[in-house]
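Here is structure-v4.txt, consisting of compact mmCIF, C-alpha atoms and all ligand atoms:
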# COMPACT_ATOMS: atom_id res chain seq x y z
CA MET E 1 252.70 241.70 260.30
CA ASP E 2 252.95 238.04 259.42
CA PHE E 3 253.64 235.87 262.40
CA ILE E 4 253.26 232.39 260.97
CA THR E 5 254.50 231.79 257.45
CA LEU E 6 254.58 228.64 255.37
CA GLU E 7 256.42 228.73 252.06
CA ASP E 8 255.94 225.94 249.56
CA VAL E 9 255.67 223.32 252.30
CA GLU E 10 255.53 219.64 251.34
CA ARG E 11 255.14 216.60 253.55
CA GLU E 12 255.40 213.24 251.89
CA TYR E 13 254.82 209.88 253.48
CA ARG E 14 256.09 206.66 252.01
CA VAL E 15 253.61 203.81 252.31
CA GLY E 16 255.07 200.64 250.78
CA ASP E 17 256.06 201.62 247.25
CA ASN E 18 253.75 204.62 247.18
CA ILE E 19 254.48 208.19 248.10
CA ILE E 20 251.57 210.11 249.58
CA LYS E 21 251.77 213.88 249.45
CA ALA E 22 249.86 214.75 252.60
CA VAL E 23 250.79 218.42 252.13
CA ASP E 24 251.66 219.48 248.60
CA GLY E 25 253.09 222.96 248.05
CA VAL E 26 251.27 224.93 250.73
CA SER E 27 252.04 228.60 251.37
CA PHE E 28 250.20 230.97 253.67
CA ALA E 29 250.78 233.72 256.20
CA LEU E 30 248.87 234.53 259.38
CA ALA E 31 249.12 237.64 261.53
CA GLN E 32 249.76 237.64 265.28
CA GLY E 33 246.74 237.69 267.55
CA THR E 34 244.33 236.36 264.94
CA PHE E 35 241.81 233.50 264.90
CA ASN E 36 242.25 231.22 261.88
CA VAL E 37 240.66 228.05 260.57
CA ILE E 38 242.00 225.33 258.30
CA LEU E 39 238.98 223.68 256.73
CA GLY E 40 238.71 220.54 254.65
CA GLN E 41 237.40 217.01 254.33
CA SER E 42 239.04 214.04 255.97
CA GLY E 43 242.38 213.31 254.31
CA ALA E 44 242.87 216.87 253.06
CA GLY E 45 246.10 217.33 255.02
CA LYS E 46 244.81 219.47 257.89
CA THR E 47 246.26 217.45 260.76
CA THR E 48 249.59 217.22 258.99
CA ILE E 49 249.71 221.03 258.79
CA LEU E 50 248.84 221.28 262.49
CA ASN E 51 251.57 218.78 263.38
CA LEU E 52 254.07 220.75 261.31
CA LEU E 53 253.08 224.02 263.01
CA GLY E 54 253.28 222.36 266.42
CA GLY E 55 256.75 220.94 265.85
CA MET E 56 255.48 217.35 266.06
CA ASP E 57 256.50 216.65 262.47
CA SER E 58 258.91 218.22 259.98
CA PRO E 59 258.30 219.06 256.33
CA THR E 60 259.92 217.12 253.51
CA SER E 61 260.65 220.50 251.91
CA GLY E 62 259.70 224.14 252.27
CA THR E 63 259.98 226.64 255.10
CA ILE E 64 257.88 227.19 258.21
CA SER E 65 258.56 230.13 260.45
CA VAL E 66 256.84 231.29 263.62
CA GLY E 67 257.59 234.64 265.23
CA GLY E 68 260.74 235.01 263.16
CA GLU E 69 262.09 231.57 264.12
CA GLU E 70 262.51 228.93 261.43
CA VAL E 71 260.77 225.87 262.82
CA SER E 72 261.42 223.77 259.72
CA GLY E 73 265.18 223.95 260.38
CA MET E 74 265.05 222.87 264.03
CA GLU E 75 266.64 219.75 265.44
CA GLU E 76 264.73 217.40 267.73
CA ARG E 77 265.90 219.11 270.94
CA GLU E 78 264.93 222.53 269.69
CA LEU E 79 261.59 221.16 268.53
CA THR E 80 260.89 219.75 272.00
CA ASN E 81 261.65 223.12 273.52
CA TYR E 82 259.49 224.82 270.89
CA ARG E 83 256.53 222.51 271.66
CA ARG E 84 256.92 223.09 275.38
CA THR E 85 257.28 226.85 275.36
CA LYS E 86 255.64 228.23 272.26
CA ILE E 87 252.62 226.03 271.58
CA GLY E 88 249.37 225.37 273.41
CA PHE E 89 247.38 222.34 272.26
CA VAL E 90 243.63 221.74 272.44
CA PHE E 91 242.38 218.34 271.30
CA GLN E 92 239.02 216.85 270.38
CA PHE E 93 238.90 214.62 273.48
CA TYR E 94 240.28 217.18 276.00
CA ASN E 95 243.24 215.01 277.13
CA LEU E 96 242.84 215.93 280.79
CA VAL E 97 244.50 213.83 283.48
CA PRO E 98 241.57 212.03 285.16
CA ASN E 99 242.95 211.87 288.70
CA LEU E 100 243.86 215.57 288.84
CA THR E 101 241.42 218.40 289.56
CA ALA E 102 240.70 221.14 287.03
CA LEU E 103 243.18 223.42 288.79
CA GLU E 104 245.86 220.72 288.95
CA ASN E 105 245.38 219.97 285.26
CA VAL E 106 245.94 223.63 284.41
CA GLN E 107 248.92 223.83 286.77
CA LEU E 108 250.62 221.09 284.73
CA ALA E 109 251.48 223.89 282.32
CA GLU E 110 253.76 225.40 284.97
CA GLU E 111 255.96 222.32 284.91
CA VAL E 112 256.76 222.44 281.21
CA CYS E 113 257.16 226.09 280.39
CA ARG E 114 259.28 229.03 281.40
CA ASP E 115 256.82 231.81 281.77
CA PRO E 116 253.40 230.39 282.71
CA LEU E 117 250.27 232.44 283.27
CA ASP E 118 248.35 232.05 286.51
CA ALA E 119 246.32 228.81 286.51
CA GLN E 120 243.48 230.19 288.64
CA GLU E 121 243.21 233.26 286.45
CA MET E 122 243.02 231.12 283.31
CA LEU E 123 240.21 229.04 284.84
CA ASP E 124 238.47 232.24 285.79
CA ARG E 125 238.75 233.51 282.21
CA VAL E 126 237.06 230.39 280.87
CA GLY E 127 234.29 230.77 283.45
CA LEU E 128 235.29 227.87 285.72
CA SER E 129 236.47 229.59 288.89
CA LYS E 130 233.84 227.65 290.86
CA ARG E 131 234.90 224.29 289.41
CA MET E 132 238.63 224.36 290.19
CA ASP E 133 238.45 221.44 292.60
CA ASN E 134 236.32 219.24 290.36
CA PHE E 135 237.76 216.21 288.64
CA PRO E 136 237.20 215.79 284.88
CA SER E 137 234.60 213.05 285.49
CA GLN E 138 232.54 215.58 287.47
CA MET E 139 232.37 218.01 284.55
CA SER E 140 230.44 218.16 281.27
CA GLY E 141 232.24 217.84 277.94
CA GLY E 142 232.05 221.59 277.40
CA GLU E 143 233.52 222.25 280.84
CA GLN E 144 236.30 219.75 280.28
CA GLN E 145 237.16 221.43 277.01
CA ARG E 146 237.23 224.80 278.79
CA VAL E 147 239.73 223.33 281.28
CA SER E 148 241.89 222.16 278.41
CA ILE E 149 241.72 225.66 276.88
CA ALA E 150 242.79 227.14 280.23
CA ARG E 151 245.67 224.63 280.33
CA ALA E 152 246.78 225.50 276.79
CA LEU E 153 246.72 229.23 277.59
CA ALA E 154 248.47 228.83 280.96
CA LYS E 155 251.61 227.79 279.07
CA ASN E 156 251.61 231.37 277.78
CA PRO E 157 252.25 230.07 274.27
CA GLN E 158 252.63 232.10 271.12
CA ILE E 159 250.24 229.88 269.21
CA VAL E 160 247.21 227.85 270.25
CA LEU E 161 246.63 224.86 267.98
CA CYS E 162 243.23 223.16 268.15
CA ASP E 163 242.39 219.89 266.43
CA GLU E 164 238.59 219.55 266.02
CA PRO E 165 238.10 221.20 269.43
CA THR E 166 234.32 220.96 269.19
CA GLY E 167 234.19 217.52 267.58
CA ALA E 168 232.96 215.78 270.74
CA LEU E 169 230.47 218.50 271.75
CA ASP E 170 226.88 219.22 270.72
CA SER E 171 226.67 222.14 268.29
CA VAL E 172 225.45 224.77 270.77
CA THR E 173 228.13 223.92 273.34
CA GLY E 174 230.69 223.68 270.55
CA ARG E 175 229.99 227.22 269.37
CA LYS E 176 230.20 228.59 272.89
CA VAL E 177 233.52 226.86 273.43
CA LEU E 178 234.83 228.17 270.13
CA LYS E 179 233.79 231.73 270.92
CA LEU E 180 235.54 231.37 274.23
CA ILE E 181 238.77 230.17 272.61
CA ARG E 182 238.60 233.08 270.23
CA ASP E 183 237.80 235.77 272.75
CA VAL E 184 240.14 234.67 275.54
CA ALA E 185 243.07 233.77 273.28
CA ILE E 186 242.83 236.94 271.22
CA ASP E 187 242.53 239.03 274.38
CA LEU E 188 245.82 237.47 275.54
CA GLY E 189 247.41 238.22 272.14
CA LYS E 190 247.69 234.57 271.09
CA THR E 191 247.46 233.41 267.49
CA VAL E 192 244.92 230.61 267.12
CA VAL E 193 244.83 227.95 264.39
CA ILE E 194 241.89 225.55 264.39
CA VAL E 195 241.62 222.50 262.20
CA THR E 196 238.11 221.30 261.41
CA HIS E 197 235.84 219.78 258.77
CA ASN E 198 232.94 221.79 260.21
CA ALA E 199 232.26 224.64 257.76
CA PRO E 200 230.09 226.89 260.02
CA ILE E 201 233.04 227.26 262.41
CA ALA E 202 234.96 228.98 259.64
CA GLU E 203 232.62 231.98 259.65
CA MET E 204 234.07 233.03 262.98
CA ALA E 205 237.61 233.17 261.61
CA GLN E 206 239.64 236.03 260.21
CA THR E 207 241.40 233.74 257.74
CA VAL E 208 239.97 230.49 256.42
CA ILE E 209 242.27 228.19 254.49
CA HIS E 210 240.33 225.59 252.52
CA MET E 211 242.39 222.47 251.89
CA ARG E 212 241.81 219.74 249.35
CA ASP E 213 244.14 216.85 248.49
CA GLY E 214 247.06 218.42 250.33
CA LYS E 215 246.71 221.76 248.54
CA ILE E 216 245.08 225.07 249.34
CA ALA E 217 241.87 225.26 247.32
CA GLU E 218 240.94 228.75 248.48
CA THR E 219 241.83 231.33 251.13
CA GLU E 220 239.08 233.51 252.54
CA THR E 221 239.57 236.51 254.78
CA HIS E 222 236.86 238.06 256.91
CA GLU E 223 237.54 241.53 258.18
CA HIS E 224 234.55 241.31 260.49
CA PRO E 225 234.03 237.66 261.34
CA LYS E 226 230.61 236.58 262.55
CA ASP E 227 229.63 235.19 265.87
CA VAL E 228 227.91 231.98 264.89
CA GLU E 229 224.95 231.63 267.25
P1 LIG E 301 243.14 215.45 257.57
O1 LIG E 301 243.62 215.91 258.91
O2 LIG E 301 242.70 216.57 256.70
O3 LIG E 301 242.12 214.38 257.68
P2 LIG E 301 245.77 214.25 257.32
O4 LIG E 301 246.74 215.36 257.42
O5 LIG E 301 245.55 213.42 258.52
O6 LIG E 301 244.38 214.81 256.78
O7 LIG E 301 246.20 213.28 256.13
C1 LIG E 301 246.48 213.71 254.81
C2 LIG E 301 246.89 212.51 253.98
O8 LIG E 301 248.14 212.02 254.42
C3 LIG E 301 245.93 211.36 254.03
O9 LIG E 301 245.89 210.75 252.77
C4 LIG E 301 246.56 210.44 255.06
O10 LIG E 301 246.20 209.11 254.84
C5 LIG E 301 248.04 210.66 254.80
N1 LIG E 301 248.84 210.48 256.03
C6 LIG E 301 248.79 211.24 257.15
N2 LIG E 301 249.67 210.79 258.06
C7 LIG E 301 250.29 209.73 257.52
C8 LIG E 301 251.32 208.85 257.95
N3 LIG E 301 251.90 208.96 259.15
N4 LIG E 301 251.70 207.86 257.10
C9 LIG E 301 251.15 207.75 255.90
N5 LIG E 301 250.19 208.55 255.41
C10 LIG E 301 249.77 209.53 256.21
P1 LIG E 302 258.04 215.39 276.99
O1 LIG E 302 258.99 214.62 276.15
O2 LIG E 302 258.65 215.97 278.23
O3 LIG E 302 256.76 214.69 277.26
P2 LIG E 302 257.05 216.71 274.69
O4 LIG E 302 257.98 217.44 273.81
O5 LIG E 302 256.59 215.36 274.28
O6 LIG E 302 257.68 216.67 276.13
O7 LIG E 302 255.78 217.59 274.94
C1 LIG E 302 255.86 219.00 275.07
C2 LIG E 302 254.48 219.58 274.85
O8 LIG E 302 254.03 219.25 273.53
C3 LIG E 302 253.45 219.05 275.81
O9 LIG E 302 252.64 220.14 276.25
C4 LIG E 302 252.62 218.07 275.03
O10 LIG E 302 251.28 218.13 275.42
C5 LIG E 302 252.80 218.53 273.59
N1 LIG E 302 252.89 217.40 272.66
C6 LIG E 302 253.95 216.62 272.46
N2 LIG E 302 253.73 215.68 271.54
C7 LIG E 302 252.48 215.86 271.13
C8 LIG E 302 251.64 215.20 270.18
N3 LIG E 302 252.02 214.17 269.44
N4 LIG E 302 250.42 215.66 270.03
C9 LIG E 302 250.03 216.71 270.74
N5 LIG E 302 250.75 217.38 271.65
C10 LIG E 302 251.96 216.96 271.85
Can the structure from this file be put into structure tokens for me?
Amino acid sequence: MDFITLEDVEREYRVGDNIIKAVDGVSFALAQGTFNVILGQSGAGKTTILNLLGGMDSPTSGTISVGGEEVSGMEERELTNYRRTKIGFVFQFYNLVPNLTALENVQLAEEVCRDPLDAQEMLDRVGLSKRMDNFPSQMSGGEQQRVSIARALAKNPQIVLCDEPTGALDSVTGRKVLKLIRDVAIDLGKTVVIVTHNAPIAEMAQTVIHMRDGKIAETETHEHPKDVE
């Protein structure tokens, strides 16, 4: 069953007298509880797609629906609610609050959403039960990213959106973190969409959408995705 669908989505930006088509006629469908990658070079339109899926931006035309709700038709208030309750975000640079412990960072999720998952359990699932009282500065990059994954999941979102989640990590740590996102999120029934320019990451995905110049160049599906070691 399709959970996320985009139909002929366009996002144009006006820059001076020019119109830039950041996303130009994109359609795809992703099933619930799957791990998906949007792959492409810088400027391909990946971040714009992620912002559209996360309700941070709206399409110029076309339809986006998530779990049967039409996100592309929402007003600003509904979009805020959608971001708060339906979406977990994982960023390249973790975005943790420096003066809060790992546990307190994950507990922030409880303040914004209706039906949070247990913060301690989420930290346990990402292998950080012994680091709950550490501050971000006392943790490695990989550990900080695991905290941010726990925080994204603690919101109990429908979708987890990750923007270059391994971009600031060495490749071995990056792969471990990615496997963790995949295994923990899928176990919890979340649908994951990762945006990256890093091709090897794509081998771990069920669906890989290759973007070029705002368009889909190719869509690959892997029935049995690899664990990239
Ligand atoms: P990617 O994430 O693949 O690097 P983006 O989605 O960030 O690509 O950008 C796609 C295109 O849209 C690029 O040409 C970029 O310069 C342009 N773009 C993105 N955001 C804006 C904006 N706010 N204003 C103008 N142009 C933008
Ligand atoms: P508030 O206005 O109360 O800060 P927002 O709607 O801005 O609420 O944020 C709701 C959720 O969406 C938060 O979890 C936040 O991290 C996320 N969010 C909002 N804006 C962005 C953005 N531009 N990039 C990434 N995440 C965002």
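Excluding Thr173 of chain E itself and any same-chain residue fewer than 2 positions from it, the protein and nucleic acid residues within 12 Å of it, counting all atoms listed in the file, are Ser140, Gly141, Gly142, Glu143, Gln144, Gln145, Arg146, Pro165, Thr166, Gly167, Ala168, Leu169, Asp170, Ser171, Arg175, Lys176, Val177, Leu178, Lys179, Leu180, Val228 and Glu229 of chain E.
Pairwise distance (atom CA of Val147 of chain E, atom CA of Lys46 of chain E) equals 24.2 Å.
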Within 10 Å of segment 100-115 of chain E, counting only C-alpha atoms, which residues show up once you throw out same-chain ones fewer than 5 positions away? Write them as a PyMOL selection string, please. chain E and resi 81-88+95+120+122-123+128-129+131-139+143-144+146-157
Among listed residues E:Leu53, E:His197, E:Val126, E:Met204, nearest Val160 of chain E (using only C-alpha atoms):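 The shortest atom-to-atom distance to Val160 of chain E comes from E:Leu53.
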Which residues are close to Thr207 of chain E, i.e. within 7 Å by all atoms listed in the file, leaving aside same-chain residues fewer than 4 positions away? Reply as an NGL selection string. :E and (36-37 or 220-222)
Can you pull out the residues contacting Ile49 of chain E? Cut-off 9 Å, using only C-alpha atoms, and skip same-chain residues under 6 positions away; I want them as number ranges by chain. E: 11, 22-23, 38, 57, 195
Resulting file, chosen residues, C-alpha atoms, as a CSV table (one decimal), in the frame of the given file:
chain,number,residue,atom,x,y,z
E,11,ARG,CA,255.1,216.6,253.6
E,22,ALA,CA,249.9,214.8,252.6
E,23,VAL,CA,250.8,218.4,252.1
E,38,ILE,CA,242.0,225.3,258.3
E,57,ASP,CA,256.5,216.6,262.5
E,195,VAL,CA,241.6,222.5,262.2
Please, what distance in Å, to one decimal, runs between atom CA of Thr219 of chain E and atom CA of Leu188 of chain E?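 Going from atom CA of Thr219 of chain E over to atom CA of Leu188 of chain E, I get 25.5 Å.
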Which residues form the shell of 12 Å around ligand LIG 301 (chain E) when you count only C-alpha atoms and all ligand atoms, given as a PyMOL selection string? chain E and resi 10-24+38-52+56-58+162-164+194-198+209-216
Preceding selection exported with C-alpha atoms as a PDB file, keeping the file's coordinate frame:
ATOM      1  CA  GLU E  10     255.530 219.640 251.340  1.00  0.00           C
ATOM      2  CA  ARG E  11     255.140 216.600 253.550  1.00  0.00           C
ATOM      3  CA  GLU E  12     255.400 213.240 251.890  1.00  0.00           C
ATOM      4  CA  TYR E  13     254.820 209.880 253.480  1.00  0.00           C
ATOM      5  CA  ARG E  14     256.090 206.660 252.010  1.00  0.00           C
ATOM      6  CA  VAL E  15     253.610 203.810 252.310  1.00  0.00           C
ATOM      7  CA  GLY E  16     255.070 200.640 250.780  1.00  0.00           C
ATOM      8  CA  ASP E  17     256.060 201.620 247.250  1.00  0.00           C
ATOM      9  CA  ASN E  18     253.750 204.620 247.180  1.00  0.00           C
ATOM     10  CA  ILE E  19     254.480 208.190 248.100  1.00  0.00           C
ATOM     11  CA  ILE E  20     251.570 210.110 249.580  1.00  0.00           C
ATOM     12  CA  LYS E  21     251.770 213.880 249.450  1.00  0.00           C
ATOM     13  CA  ALA E  22     249.860 214.750 252.600  1.00  0.00           C
ATOM     14  CA  VAL E  23     250.790 218.420 252.130  1.00  0.00           C
ATOM     15  CA  ASP E  24     251.660 219.480 248.600  1.00  0.00           C
ATOM     16  CA  ILE E  38     242.000 225.330 258.300  1.00  0.00           C
ATOM     17  CA  LEU E  39     238.980 223.680 256.730  1.00  0.00           C
ATOM     18  CA  GLY E  40     238.710 220.540 254.650  1.00  0.00           C
ATOM     19  CA  GLN E  41     237.400 217.010 254.330  1.00  0.00           C
ATOM     20  CA  SER E  42     239.040 214.040 255.970  1.00  0.00           C
ATOM     21  CA  GLY E  43     242.380 213.310 254.310  1.00  0.00           C
ATOM     22  CA  ALA E  44     242.870 216.870 253.060  1.00  0.00           C
ATOM     23  CA  GLY E  45     246.100 217.330 255.020  1.00  0.00           C
ATOM     24  CA  LYS E  46     244.810 219.470 257.890  1.00  0.00           C
ATOM     25  CA  THR E  47     246.260 217.450 260.760  1.00  0.00           C
ATOM     26  CA  THR E  48     249.590 217.220 258.990  1.00  0.00           C
ATOM     27  CA  ILE E  49     249.710 221.030 258.790  1.00  0.00           C
ATOM     28  CA  LEU E  50     248.840 221.280 262.490  1.00  0.00           C
ATOM     29  CA  ASN E  51     251.570 218.780 263.380  1.00  0.00           C
ATOM     30  CA  LEU E  52     254.070 220.750 261.310  1.00  0.00           C
ATOM     31  CA  MET E  56     255.480 217.350 266.060  1.00  0.00           C
ATOM     32  CA  ASP E  57     256.500 216.650 262.470  1.00  0.00           C
ATOM     33  CA  SER E  58     258.910 218.220 259.980  1.00  0.00           C
ATOM     34  CA  CYS E 162     243.230 223.160 268.150  1.00  0.00           C
ATOM     35  CA  ASP E 163     242.390 219.890 266.430  1.00  0.00           C
ATOM     36  CA  GLU E 164     238.590 219.550 266.020  1.00  0.00           C
ATOM     37  CA  ILE E 194     241.890 225.550 264.390  1.00  0.00           C
ATOM     38  CA  VAL E 195     241.620 222.500 262.200  1.00  0.00           C
ATOM     39  CA  THR E 196     238.110 221.300 261.410  1.00  0.00           C
ATOM     40  CA  HIS E 197     235.840 219.780 258.770  1.00  0.00           C
ATOM     41  CA  ASN E 198     232.940 221.790 260.210  1.00  0.00           C
ATOM     42  CA  ILE E 209     242.270 228.190 254.490  1.00  0.00           C
ATOM     43  CA  HIS E 210     240.330 225.590 252.520  1.00  0.00           C
ATOM     44  CA  MET E 211     242.390 222.470 251.890  1.00  0.00           C
ATOM     45  CA  ARG E 212     241.810 219.740 249.350  1.00  0.00           C
ATOM     46  CA  ASP E 213     244.140 216.850 248.490  1.00  0.00           C
ATOM     47  CA  GLY E 214     247.060 218.420 250.330  1.00  0.00           C
ATOM     48  CA  LYS E 215     246.710 221.760 248.540  1.00  0.00           C
ATOM     49  CA  ILE E 216     245.080 225.070 249.340  1.00  0.00           C
TER      50      ILE E 216
END
With all atoms listed in the file as the counted atoms, please give the residues lying no more than 10 Å from Gly73 of chain E, apart from itself and same-chain residues fewer than 3 positions off, as a JSON list (two decimals) with C-alpha atoms, in the coordinates of the input.
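In the end it all went to selection-v9.json:
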[["chain", "number", "residue", "atom", "x", "y", "z"],
["E", 58, "SER", "CA", 258.91, 218.22, 259.98],
["E", 59, "PRO", "CA", 258.30, 219.06, 256.33],
["E", 62, "GLY", "CA", 259.70, 224.14, 252.27],
["E", 63, "THR", "CA", 259.98, 226.64, 255.10],
["E", 64, "ILE", "CA", 257.88, 227.19, 258.21],
["E", 65, "SER", "CA", 258.56, 230.13, 260.45],
["E", 69, "GLU", "CA", 262.09, 231.57, 264.12],
["E", 70, "GLU", "CA", 262.51, 228.93, 261.43],
["E", 76, "GLU", "CA", 264.73, 217.40, 267.73],
["E", 78, "GLU", "CA", 264.93, 222.53, 269.69],
["E", 79, "LEU", "CA", 261.59, 221.16, 268.53]]
Could you work out an axis-aligned bounding box for all listed atoms of segment 220-229 of chain E, with 5 Å added on each of the six sides, and give its centre and edge lengths in Å to one decimal, as JSON?
{"center_x": 232.3, "center_y": 236.6, "center_z": 259.9, "size_x": 24.6, "size_y": 19.9, "size_z": 24.7}
Which one of E:Val97, E:Phe35, E:Val172, E:Asp124 sits closest to Ala202 of chain E if you count all atoms listed in the file? E:Phe35
Coordinates of segment 40-52 of chain E, N, CA and C atoms, as a CSV table (one decimal), in the first residue's frame:
chain,number,residue,atom,x,y,z
E,40,GLY,N,21.2,12.1,-5.5
E,40,GLY,CA,21.5,13.0,-6.6
E,40,GLY,C,22.6,14.0,-6.2
E,41,GLN,N,23.1,14.6,-7.3
E,41,GLN,CA,24.2,15.6,-7.0
E,41,GLN,C,23.6,16.9,-6.4
E,42,SER,N,24.5,17.7,-5.9
E,42,SER,CA,24.1,19.0,-5.4
E,42,SER,C,23.3,19.8,-6.4
E,43,GLY,N,22.2,20.4,-6.0
E,43,GLY,CA,21.3,21.1,-6.9
E,43,GLY,C,20.3,20.3,-7.6
E,44,ALA,N,20.2,19.0,-7.3
E,44,ALA,CA,19.3,18.1,-8.1
E,44,ALA,C,17.8,18.3,-7.6
E,45,GLY,N,17.6,18.9,-6.4
E,45,GLY,CA,16.3,19.1,-5.9
E,45,GLY,C,15.9,18.3,-4.8
E,46,LYS,N,16.9,17.6,-4.2
E,46,LYS,CA,16.6,16.6,-3.1
E,46,LYS,C,16.1,17.3,-1.8
E,47,THR,N,16.8,18.4,-1.4
E,47,THR,CA,16.3,19.0,-0.2
E,47,THR,C,15.0,19.7,-0.4
E,48,THR,N,14.7,20.1,-1.6
E,48,THR,CA,13.4,20.7,-1.8
E,48,THR,C,12.3,19.6,-1.6
E,49,ILE,N,12.5,18.4,-2.1
E,49,ILE,CA,11.6,17.3,-2.0
E,49,ILE,C,11.4,17.0,-0.5
E,50,LEU,N,12.5,17.0,0.3
E,50,LEU,CA,12.4,16.7,1.7
E,50,LEU,C,11.6,17.8,2.4
E,51,ASN,N,11.9,19.0,2.1
E,51,ASN,CA,11.1,20.1,2.7
E,51,ASN,C,9.6,20.0,2.4
E,52,LEU,N,9.3,19.6,1.1
E,52,LEU,CA,7.9,19.5,0.8
E,52,LEU,C,7.3,18.3,1.6
